[in-house]
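J.: Provided herewith: target.json, JSON, C-alpha atoms.
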[["chain", "number", "residue", "atom", "x", "y", "z"],
["S", 708, "MET", "CA", 0.00, 0.00, 0.00],
["S", 709, "LYS", "CA", 1.32, 3.44, -0.88],
["S", 710, "GLY", "CA", 2.04, 5.83, 1.96],
["S", 711, "VAL", "CA", 0.70, 9.30, 2.60],
["S", 712, "ARG", "CA", 3.92, 10.86, 1.29],
["S", 713, "ASP", "CA", 3.54, 9.00, -2.04],
["S", 714, "ILE", "CA", -0.04, 10.19, -2.43],
["S", 715, "ALA", "CA", 0.91, 13.78, -1.60],
["S", 716, "VAL", "CA", 3.64, 13.85, -4.22],
["S", 717, "ARG", "CA", 1.31, 12.30, -6.79],
["S", 718, "THR", "CA", -1.52, 14.75, -6.12],
["S", 719, "GLY", "CA", 0.34, 18.03, -6.27],
["S", 720, "ALA", "CA", 1.53, 20.83, -4.04],
["S", 721, "SER", "CA", -1.90, 22.18, -3.05],
["S", 722, "VAL", "CA", -2.72, 19.01, -1.15],
["S", 723, "MET", "CA", 0.83, 17.95, -0.36],
["S", 724, "GLY", "CA", 1.33, 20.13, 2.69],
["S", 725, "ALA", "CA", -1.90, 19.06, 4.34],
["S", 726, "LEU", "CA", -1.25, 15.37, 3.82],
["S", 727, "LEU", "CA", 2.39, 15.48, 4.87],
["S", 728, "LEU", "CA", 1.46, 17.33, 8.03],
["S", 729, "CYS", "CA", -1.14, 14.72, 8.88],
["S", 730, "ALA", "CA", 1.09, 11.68, 8.30],
["S", 731, "PRO", "CA", 2.13, 11.32, 11.97],
["S", 732, "ALA", "CA", -1.44, 11.96, 13.09],
["S", 733, "LEU", "CA", -2.80, 9.00, 11.10],
["S", 734, "ALA", "CA", -1.06, 6.62, 13.46],
["S", 735, "ASP", "CA", -2.52, 8.38, 16.52],
["S", 736, "GLY", "CA", -6.01, 6.92, 16.05],
["S", 737, "CYS", "CA", -9.39, 8.62, 15.95],
["S", 738, "ASP", "CA", -10.17, 12.24, 16.58],
["S", 739, "PRO", "CA", -13.75, 13.57, 16.36],
["S", 740, "ALA", "CA", -12.57, 16.56, 14.28],
["S", 741, "HIS", "CA", -11.02, 14.32, 11.60],
["S", 742, "VAL", "CA", -11.79, 11.39, 9.36],
["S", 743, "ASP", "CA", -9.16, 9.01, 8.06],
["S", 744, "LEU", "CA", -9.58, 7.24, 4.74],
["S", 745, "ARG", "CA", -7.62, 4.20, 3.63],
["S", 746, "GLY", "CA", -7.54, 2.05, 0.51],
["S", 747, "ASP", "CA", -5.19, 0.48, -2.00],
["S", 748, "TRP", "CA", -4.28, 4.04, -3.01],
["S", 749, "GLY", "CA", -2.90, 4.94, 0.48],
["S", 750, "GLN", "CA", -4.29, 7.01, 3.34],
["S", 751, "ALA", "CA", -5.54, 10.54, 3.90],
["S", 752, "ARG", "CA", -6.91, 12.61, 6.75],
["S", 753, "PHE", "CA", -9.49, 15.39, 6.46],
["S", 754, "THR", "CA", -10.59, 17.91, 9.06],
["S", 755, "VAL", "CA", -14.37, 17.66, 9.19],
["S", 756, "GLU", "CA", -17.39, 19.51, 10.39],
["S", 757, "ILE", "CA", -20.12, 17.18, 11.64],
["S", 758, "ALA", "CA", -23.72, 17.46, 10.40],
["S", 759, "ASP", "CA", -25.69, 15.10, 12.64],
["S", 760, "ASP", "CA", -29.11, 16.66, 13.04],
["S", 761, "PRO", "CA", -31.79, 17.42, 10.44],
["S", 762, "GLY", "CA", -31.05, 21.16, 10.33],
["S", 763, "GLU", "CA", -27.30, 20.74, 9.91],
["S", 764, "ARG", "CA", -27.79, 18.03, 7.29],
["S", 765, "ALA", "CA", -30.25, 20.22, 5.36],
["S", 766, "THR", "CA", -27.80, 23.16, 5.28],
["S", 767, "GLY", "CA", -24.59, 21.20, 4.70],
["S", 768, "LEU", "CA", -22.03, 23.20, 2.73],
["S", 769, "MET", "CA", -24.57, 25.56, 1.17],
["S", 770, "ASN", "CA", -23.59, 29.17, 0.45],
["S", 771, "ARG", "CA", -19.86, 28.65, 0.98],
["S", 772, "GLU", "CA", -17.54, 30.01, -1.66],
["S", 773, "THR", "CA", -14.52, 27.92, -0.64],
["S", 774, "LEU", "CA", -13.56, 24.77, 1.22],
["S", 775, "PRO", "CA", -9.94, 24.16, 2.20],
["S", 776, "MET", "CA", -8.46, 21.19, 0.32],
["S", 777, "SER", "CA", -7.90, 19.17, 3.50],
["S", 778, "HIS", "CA", -11.43, 19.80, 4.88],
["S", 779, "GLY", "CA", -14.86, 18.32, 4.44],
["S", 780, "MET", "CA", -18.22, 17.71, 6.06],
["S", 781, "LEU", "CA", -19.32, 14.39, 7.56],
["S", 782, "PHE", "CA", -23.07, 13.82, 7.52],
["S", 783, "LEU", "CA", -24.17, 11.26, 10.11],
["S", 784, "PHE", "CA", -27.60, 9.67, 10.24],
["S", 785, "GLU", "CA", -29.24, 7.92, 13.20],
["S", 786, "ALA", "CA", -29.53, 4.61, 11.34],
["S", 787, "PRO", "CA", -28.67, 3.25, 7.88],
["S", 788, "GLN", "CA", -31.23, 4.49, 5.36],
["S", 789, "PRO", "CA", -31.75, 5.52, 1.74],
["S", 790, "VAL", "CA", -30.19, 8.94, 1.15],
["S", 791, "SER", "CA", -30.19, 11.39, -1.72],
["S", 792, "PHE", "CA", -28.41, 14.75, -1.86],
["S", 793, "TRP", "CA", -28.60, 17.76, -4.15],
["S", 794, "MET", "CA", -26.50, 20.85, -4.74],
["S", 795, "LYS", "CA", -29.13, 23.54, -4.07],
["S", 796, "ASN", "CA", -27.35, 26.72, -2.94],
["S", 797, "THR", "CA", -24.01, 24.89, -2.96],
["S", 798, "LEU", "CA", -21.46, 27.06, -4.72],
["S", 799, "ILE", "CA", -18.47, 24.69, -4.99],
["S", 800, "PRO", "CA", -18.15, 21.33, -6.77],
["S", 801, "LEU", "CA", -18.07, 18.42, -4.33],
["S", 802, "ASP", "CA", -17.19, 14.75, -4.25],
["S", 803, "MET", "CA", -19.63, 12.74, -2.12],
["S", 804, "LEU", "CA", -18.60, 9.48, -0.48],
["S", 805, "PHE", "CA", -21.61, 7.45, 0.64],
["S", 806, "LEU", "CA", -20.74, 5.12, 3.53],
["S", 807, "THR", "CA", -22.30, 2.02, 5.05],
["S", 808, "ALA", "CA", -22.55, 1.52, 8.83],
["S", 809, "ASP", "CA", -19.10, -0.08, 9.00],
["S", 810, "GLY", "CA", -17.48, 2.93, 7.30],
["S", 811, "THR", "CA", -17.01, 1.35, 3.87],
["S", 812, "VAL", "CA", -17.51, 3.60, 0.84],
["S", 813, "ALA", "CA", -20.48, 2.15, -1.03],
["S", 814, "ARG", "CA", -20.67, 4.84, -3.71],
["S", 815, "VAL", "CA", -18.58, 7.77, -4.91],
["S", 816, "HIS", "CA", -20.25, 10.66, -6.72],
["S", 817, "ARG", "CA", -17.55, 12.79, -8.31],
["S", 818, "ASN", "CA", -17.72, 16.53, -9.01],
["S", 819, "ALA", "CA", -21.32, 17.31, -8.12],
["S", 820, "VAL", "CA", -22.28, 20.40, -10.11],
["S", 821, "PRO", "CA", -22.81, 23.59, -8.07],
["S", 822, "LEU", "CA", -26.44, 24.77, -7.81],
["S", 823, "ASP", "CA", -27.79, 21.65, -9.58],
["S", 824, "LEU", "CA", -31.14, 20.48, -8.22],
["S", 825, "SER", "CA", -30.85, 16.96, -9.64],
["S", 826, "PRO", "CA", -31.02, 14.25, -6.95],
["S", 827, "ILE", "CA", -27.76, 12.43, -6.22],
["S", 828, "PRO", "CA", -28.78, 9.04, -4.83],
["S", 829, "GLY", "CA", -26.35, 7.42, -2.43],
["S", 830, "GLY", "CA", -27.90, 4.04, -1.93],
["S", 831, "SER", "CA", -30.39, 2.35, 0.34],
["S", 832, "ASP", "CA", -28.26, 1.44, 3.37],
["S", 833, "ILE", "CA", -26.20, 4.59, 4.04],
["S", 834, "LEU", "CA", -25.21, 5.76, 7.52],
["S", 835, "ALA", "CA", -22.83, 8.59, 6.63],
["S", 836, "VAL", "CA", -21.75, 10.82, 3.75],
["S", 837, "LEU", "CA", -18.41, 12.59, 3.46],
["S", 838, "GLU", "CA", -18.31, 15.66, 1.23],
["S", 839, "VAL", "CA", -14.92, 16.96, 0.07],
["S", 840, "ASN", "CA", -13.78, 19.25, -2.72],
["S", 841, "GLY", "CA", -14.64, 18.06, -6.21],
["S", 842, "GLY", "CA", -11.77, 16.15, -7.80],
["S", 843, "ILE", "CA", -10.24, 14.82, -4.57],
["S", 844, "ALA", "CA", -11.65, 11.30, -5.02],
["S", 845, "GLU", "CA", -10.19, 11.01, -8.51],
["S", 846, "ARG", "CA", -6.88, 12.59, -7.54],
["S", 847, "PHE", "CA", -6.37, 10.16, -4.64],
["S", 848, "GLY", "CA", -7.97, 7.14, -6.29],
["S", 849, "ILE", "CA", -10.76, 6.89, -3.70],
["S", 850, "VAL", "CA", -13.21, 4.25, -4.89],
["S", 851, "GLU", "CA", -15.92, 1.97, -3.56],
["S", 852, "GLY", "CA", -14.40, -0.27, -0.90],
["S", 853, "THR", "CA", -12.25, 2.50, 0.61],
["S", 854, "VAL", "CA", -12.77, 2.58, 4.38],
["S", 855, "LEU", "CA", -13.29, 5.55, 6.68],
["S", 856, "ARG", "CA", -12.36, 5.74, 10.35],
["S", 857, "HIS", "CA", -14.15, 8.06, 12.81],
["S", 858, "PRO", "CA", -15.11, 7.67, 16.49],
["S", 859, "ARG", "CA", -18.82, 8.28, 15.80],
["S", 860, "LEU", "CA", -19.06, 5.03, 13.82],
["S", 861, "ASP", "CA", -19.99, 1.89, 15.76],
["S", 862, "GLN", "CA", -16.54, 0.57, 16.63],
["S", 863, "LYS", "CA", -17.85, -2.99, 17.12],
["S", 864, "ILE", "CA", -18.64, -3.28, 13.40],
["S", 865, "ALA", "CA", -16.23, -0.73, 11.91],
["S", 866, "ALA", "CA", -14.19, -1.98, 8.97],
["S", 867, "TRP", "CA", -11.33, 0.18, 10.34],
["S", 868, "PRO", "CA", -11.91, 0.63, 14.08],
["S", 869, "CYS", "CA", -10.33, 3.48, 15.99],
["S", 870, "ALA", "CA", -8.23, 1.15, 18.09],
["S", 871, "ALA", "CA", -6.63, -0.33, 14.99],
["S", 872, "THR", "CA", -3.10, 0.64, 14.17],
["S", 873, "ASP", "CA", -1.91, 1.25, 10.64]]
Show me the file's structure as structure tokens.

T.:
Amino acid sequence: MKGVRDIAVRTGASVMGALLLCAPALADGCDPAHVDLRGDWGQARFTVEIADDPGERATGLMNRETLPMSHGMLFLFEAPQPVSFWMKNTLIPLDMLFLTADGTVARVHRNAVPLDLSPIPGGSDILAVLEVNGGIAERFGIVEGTVLRHPRLDQKIAAWPCAATD
């Protein structure tokens, strides 16, 4: 598996600093302000805002003109369910990672178009959605089967539990 440094070099200078700075932190385990992603492509850490109630989930990243490259928003639902998003009042392109209860990426929607009202279905058994800047998933190679680690996931069933070491 490629390391964080390899991914940073491959993805360019704009993301390189953020990923290199987070490399030691990946081994430190879970932090509620961050999500870790891991797959055959390597690992990455994003600083996240949490949207875990209906109002926060409805607003999401609307009306924001920028999102730092190493940041995102993690939408958490009370139970796995069918979810569908849209880009109403969202001004920046986003990649959406739809996650099952164990933190596995079930679907990746790349480069959602700003202000588009078309539904973006995530699947029928989704517990969480991670939104990051459009193009990040392709740049890193994030695909279905990538796993996400965060302390708000049920650690008993997590594909990558917080207690796990890299």

J.: Select, from S:Ala844, S:Leu824, S:Val850, S:Ala835, the residue with the minimum atom-to-atom distance to Ile757 in chain S, counting only C-alpha atoms.

T.: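 Using only C-alpha atoms, Ile757 in chain S sits closest to S:Ala835.
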
J.: Nearest to Asp809 in chain S: which of S:Cys869, S:Val790, S:Ile849, S:Ile864 is it, counting only C-alpha atoms?

T.: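 Checking each candidate against Asp809 in chain S, we get S:Ile864 as the closest.
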
J.: With 12 Å as the threshold, what does the neighbourhood of (-26.1, 5.5, 5.0) contain in terms of residues, counting all atoms listed in the file? Coordinates are those of the file; answer as an MDAnalysis selection string.

T.: chainID S and resid 781:792 804:814 828:837 860

J.: Compare S:Gly749, S:Pro868, S:Pro739, S:Pro761 by their minimum atom-to-atom distance to Gly848 in chain S, counting only C-alpha atoms, and give me the closest one.

T.: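 Answer, going by the shortest atom-to-atom distance: S:Gly749.
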
J.: Suppose you want the space between CA of Arg745 in chain S and CA of Arg846 in chain S; what is it in Å?

T.: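 The value is 14.0 Å.
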
J.: Just the residues within 12 Å of Val755 in chain S, please, counting all atoms listed in the file, with nothing from its chain fewer than 5 positions along; format it as a PyMOL selection string.

T.: chain S and resi 738-743+767-768+774-783+836-839+857

J.: With C-alpha atoms retained, could you export that selection as an mmCIF file, in the coordinates of the input?

T.:
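So out29.cif came out as:
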data_model
loop_
_atom_site.group_PDB
_atom_site.id
_atom_site.type_symbol
_atom_site.label_atom_id
_atom_site.label_comp_id
_atom_site.auth_asym_id
_atom_site.auth_seq_id
_atom_site.Cartn_x
_atom_site.Cartn_y
_atom_site.Cartn_z
ATOM 1 C CA ASP S 738 -10.170 12.240 16.580
ATOM 2 C CA PRO S 739 -13.750 13.570 16.360
ATOM 3 C CA ALA S 740 -12.570 16.560 14.280
ATOM 4 C CA HIS S 741 -11.020 14.320 11.600
ATOM 5 C CA VAL S 742 -11.790 11.390 9.360
ATOM 6 C CA ASP S 743 -9.160 9.010 8.060
ATOM 7 C CA GLY S 767 -24.590 21.200 4.700
ATOM 8 C CA LEU S 768 -22.030 23.200 2.730
ATOM 9 C CA LEU S 774 -13.560 24.770 1.220
ATOM 10 C CA PRO S 775 -9.940 24.160 2.200
ATOM 11 C CA MET S 776 -8.460 21.190 0.320
ATOM 12 C CA SER S 777 -7.900 19.170 3.500
ATOM 13 C CA HIS S 778 -11.430 19.800 4.880
ATOM 14 C CA GLY S 779 -14.860 18.320 4.440
ATOM 15 C CA MET S 780 -18.220 17.710 6.060
ATOM 16 C CA LEU S 781 -19.320 14.390 7.560
ATOM 17 C CA PHE S 782 -23.070 13.820 7.520
ATOM 18 C CA LEU S 783 -24.170 11.260 10.110
ATOM 19 C CA VAL S 836 -21.750 10.820 3.750
ATOM 20 C CA LEU S 837 -18.410 12.590 3.460
ATOM 21 C CA GLU S 838 -18.310 15.660 1.230
ATOM 22 C CA VAL S 839 -14.920 16.960 0.070
ATOM 23 C CA HIS S 857 -14.150 8.060 12.810
#

J.: Find the distance between CA of Thr853 in chain S and CA of Cys737 in chain S and write it in Å to one decimal.

T.: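 Answer for the CA of Thr853 in chain S to CA of Cys737 in chain S separation: 16.8 Å.
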
J.: Report, in Å with one decimal, the straight-line distance from CA of Glu851 in chain S to CA of Gln750 in chain S.

T.: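 Separating CA of Glu851 in chain S from CA of Gln750 in chain S is a distance of 14.4 Å.
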
J.: Hey, which of S:Met794, S:Leu744, S:Met769, S:Ala865 ends up closest to Pro826 in chain S? Count all atoms listed in the file.

T.: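 Residue with the minimum atom-to-atom distance to Pro826 in chain S: S:Met794.
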
J.: Given all atoms listed in the file as the basis, pick out the residue of S:Val820, S:Leu855, S:Leu801, S:Ile827 nearest to Gly841 in chain S.

T.: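 Among the listed residues, S:Leu801 lies closest to Gly841 in chain S.
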
J.: Which neighbours of Ala870 in chain S fall inside 10 Å, counting all atoms listed in the file, when residues of the same chain fewer than 6 positions from it are skipped, and could you give them as a ChimeraX atom specification?

T.: /S:735-737,856,858,862

J.: If I only have part of range 757-768 of chain S, can you fill in all heavy atoms and write it as a PDB file, in the frame of the given file?

T.:
ATOM      1  N   ILE S 757     -19.126  18.239  11.501  1.00  0.00           N
ATOM      2  CA  ILE S 757     -20.120  17.180  11.640  1.00  0.00           C
ATOM      3  C   ILE S 757     -21.514  17.773  11.426  1.00  0.00           C
ATOM      4  O   ILE S 757     -21.856  18.795  12.016  1.00  0.00           O
ATOM      5  CB  ILE S 757     -20.044  16.513  13.023  1.00  0.00           C
ATOM      6  CG1 ILE S 757     -18.634  15.957  13.288  1.00  0.00           C
ATOM      7  CG2 ILE S 757     -21.120  15.440  13.175  1.00  0.00           C
ATOM      8  CD1 ILE S 757     -18.223  14.815  12.403  1.00  0.00           C
ATOM      9  N   ALA S 758     -22.306  17.125  10.595  1.00  0.00           N
ATOM     10  CA  ALA S 758     -23.720  17.460  10.400  1.00  0.00           C
ATOM     11  C   ALA S 758     -24.509  16.238  10.846  1.00  0.00           C
ATOM     12  O   ALA S 758     -24.592  15.247  10.126  1.00  0.00           O
ATOM     13  CB  ALA S 758     -23.993  17.807   8.942  1.00  0.00           C
ATOM     14  N   ASP S 759     -25.047  16.292  12.086  1.00  0.00           N
ATOM     15  CA  ASP S 759     -25.690  15.100  12.640  1.00  0.00           C
ATOM     16  C   ASP S 759     -27.117  15.332  13.113  1.00  0.00           C
ATOM     17  O   ASP S 759     -27.682  14.489  13.801  1.00  0.00           O
ATOM     18  CB  ASP S 759     -24.842  14.503  13.743  1.00  0.00           C
ATOM     19  CG  ASP S 759     -24.622  15.439  14.923  1.00  0.00           C
ATOM     20  OD1 ASP S 759     -25.092  16.600  14.881  1.00  0.00           O
ATOM     21  OD2 ASP S 759     -23.969  15.012  15.889  1.00  0.00           O
ATOM     22  N   ASP S 760     -27.686  16.477  12.758  1.00  0.00           N
ATOM     23  CA  ASP S 760     -29.110  16.660  13.040  1.00  0.00           C
ATOM     24  C   ASP S 760     -29.786  17.162  11.762  1.00  0.00           C
ATOM     25  O   ASP S 760     -29.107  17.599  10.829  1.00  0.00           O
ATOM     26  CB  ASP S 760     -29.345  17.578  14.240  1.00  0.00           C
ATOM     27  CG  ASP S 760     -28.969  19.029  14.007  1.00  0.00           C
ATOM     28  OD1 ASP S 760     -29.298  19.590  12.935  1.00  0.00           O
ATOM     29  OD2 ASP S 760     -28.348  19.629  14.901  1.00  0.00           O
ATOM     30  N   PRO S 761     -31.108  17.074  11.696  1.00  0.00           N
ATOM     31  CA  PRO S 761     -31.790  17.420  10.440  1.00  0.00           C
ATOM     32  C   PRO S 761     -31.461  18.819   9.916  1.00  0.00           C
ATOM     33  O   PRO S 761     -31.273  18.999   8.708  1.00  0.00           O
ATOM     34  CB  PRO S 761     -33.273  17.285  10.786  1.00  0.00           C
ATOM     35  CG  PRO S 761     -33.302  16.275  11.891  1.00  0.00           C
ATOM     36  CD  PRO S 761     -32.050  16.532  12.691  1.00  0.00           C
ATOM     37  N   GLY S 762     -31.361  19.807  10.777  1.00  0.00           N
ATOM     38  CA  GLY S 762     -31.050  21.160  10.330  1.00  0.00           C
ATOM     39  C   GLY S 762     -29.663  21.284   9.739  1.00  0.00           C
ATOM     40  O   GLY S 762     -29.473  21.884   8.675  1.00  0.00           O
ATOM     41  N   GLU S 763     -28.683  20.703  10.422  1.00  0.00           N
ATOM     42  CA  GLU S 763     -27.300  20.740   9.910  1.00  0.00           C
ATOM     43  C   GLU S 763     -27.188  19.973   8.605  1.00  0.00           C
ATOM     44  O   GLU S 763     -26.501  20.408   7.682  1.00  0.00           O
ATOM     45  CB  GLU S 763     -26.344  20.140  10.950  1.00  0.00           C
ATOM     46  CG  GLU S 763     -26.195  20.992  12.191  1.00  0.00           C
ATOM     47  CD  GLU S 763     -25.439  20.267  13.297  1.00  0.00           C
ATOM     48  OE1 GLU S 763     -25.344  19.011  13.265  1.00  0.00           O
ATOM     49  OE2 GLU S 763     -24.944  20.962  14.202  1.00  0.00           O
ATOM     50  N   ARG S 764     -27.849  18.817   8.525  1.00  0.00           N
ATOM     51  CA  ARG S 764     -27.790  18.030   7.290  1.00  0.00           C
ATOM     52  C   ARG S 764     -28.471  18.763   6.137  1.00  0.00           C
ATOM     53  O   ARG S 764     -28.027  18.679   4.993  1.00  0.00           O
ATOM     54  CB  ARG S 764     -28.400  16.646   7.512  1.00  0.00           C
ATOM     55  CG  ARG S 764     -27.534  15.751   8.388  1.00  0.00           C
ATOM     56  CD  ARG S 764     -28.011  14.314   8.388  1.00  0.00           C
ATOM     57  NE  ARG S 764     -29.342  14.157   8.929  1.00  0.00           N
ATOM     58  CZ  ARG S 764     -29.621  13.715  10.155  1.00  0.00           C
ATOM     59  NH1 ARG S 764     -28.648  13.382  10.987  1.00  0.00           N
ATOM     60  NH2 ARG S 764     -30.872  13.583  10.545  1.00  0.00           N
ATOM     61  N   ALA S 765     -29.548  19.492   6.416  1.00  0.00           N
ATOM     62  CA  ALA S 765     -30.250  20.220   5.360  1.00  0.00           C
ATOM     63  C   ALA S 765     -29.394  21.378   4.825  1.00  0.00           C
ATOM     64  O   ALA S 765     -29.417  21.674   3.639  1.00  0.00           O
ATOM     65  CB  ALA S 765     -31.582  20.748   5.877  1.00  0.00           C
ATOM     66  N   THR S 766     -28.629  22.022   5.685  1.00  0.00           N
ATOM     67  CA  THR S 766     -27.800  23.160   5.280  1.00  0.00           C
ATOM     68  C   THR S 766     -26.491  22.709   4.657  1.00  0.00           C
ATOM     69  O   THR S 766     -26.058  23.252   3.634  1.00  0.00           O
ATOM     70  CB  THR S 766     -27.527  24.073   6.487  1.00  0.00           C
ATOM     71  OG1 THR S 766     -28.767  24.501   7.034  1.00  0.00           O
ATOM     72  CG2 THR S 766     -26.687  25.272   6.082  1.00  0.00           C
ATOM     73  N   GLY S 767     -25.845  21.722   5.242  1.00  0.00           N
ATOM     74  CA  GLY S 767     -24.590  21.200   4.700  1.00  0.00           C
ATOM     75  C   GLY S 767     -23.586  22.280   4.371  1.00  0.00           C
ATOM     76  O   GLY S 767     -23.322  23.163   5.177  1.00  0.00           O
ATOM     77  N   LEU S 768     -23.039  22.232   3.176  1.00  0.00           N
ATOM     78  CA  LEU S 768     -22.030  23.200   2.730  1.00  0.00           C
ATOM     79  C   LEU S 768     -22.618  24.298   1.848  1.00  0.00           C
ATOM     80  O   LEU S 768     -21.901  24.944   1.084  1.00  0.00           O
ATOM     81  CB  LEU S 768     -20.901  22.464   2.003  1.00  0.00           C
ATOM     82  CG  LEU S 768     -20.045  21.558   2.896  1.00  0.00           C
ATOM     83  CD1 LEU S 768     -19.110  20.690   2.063  1.00  0.00           C
ATOM     84  CD2 LEU S 768     -19.260  22.372   3.904  1.00  0.00           C
TER      85      LEU S 768
END
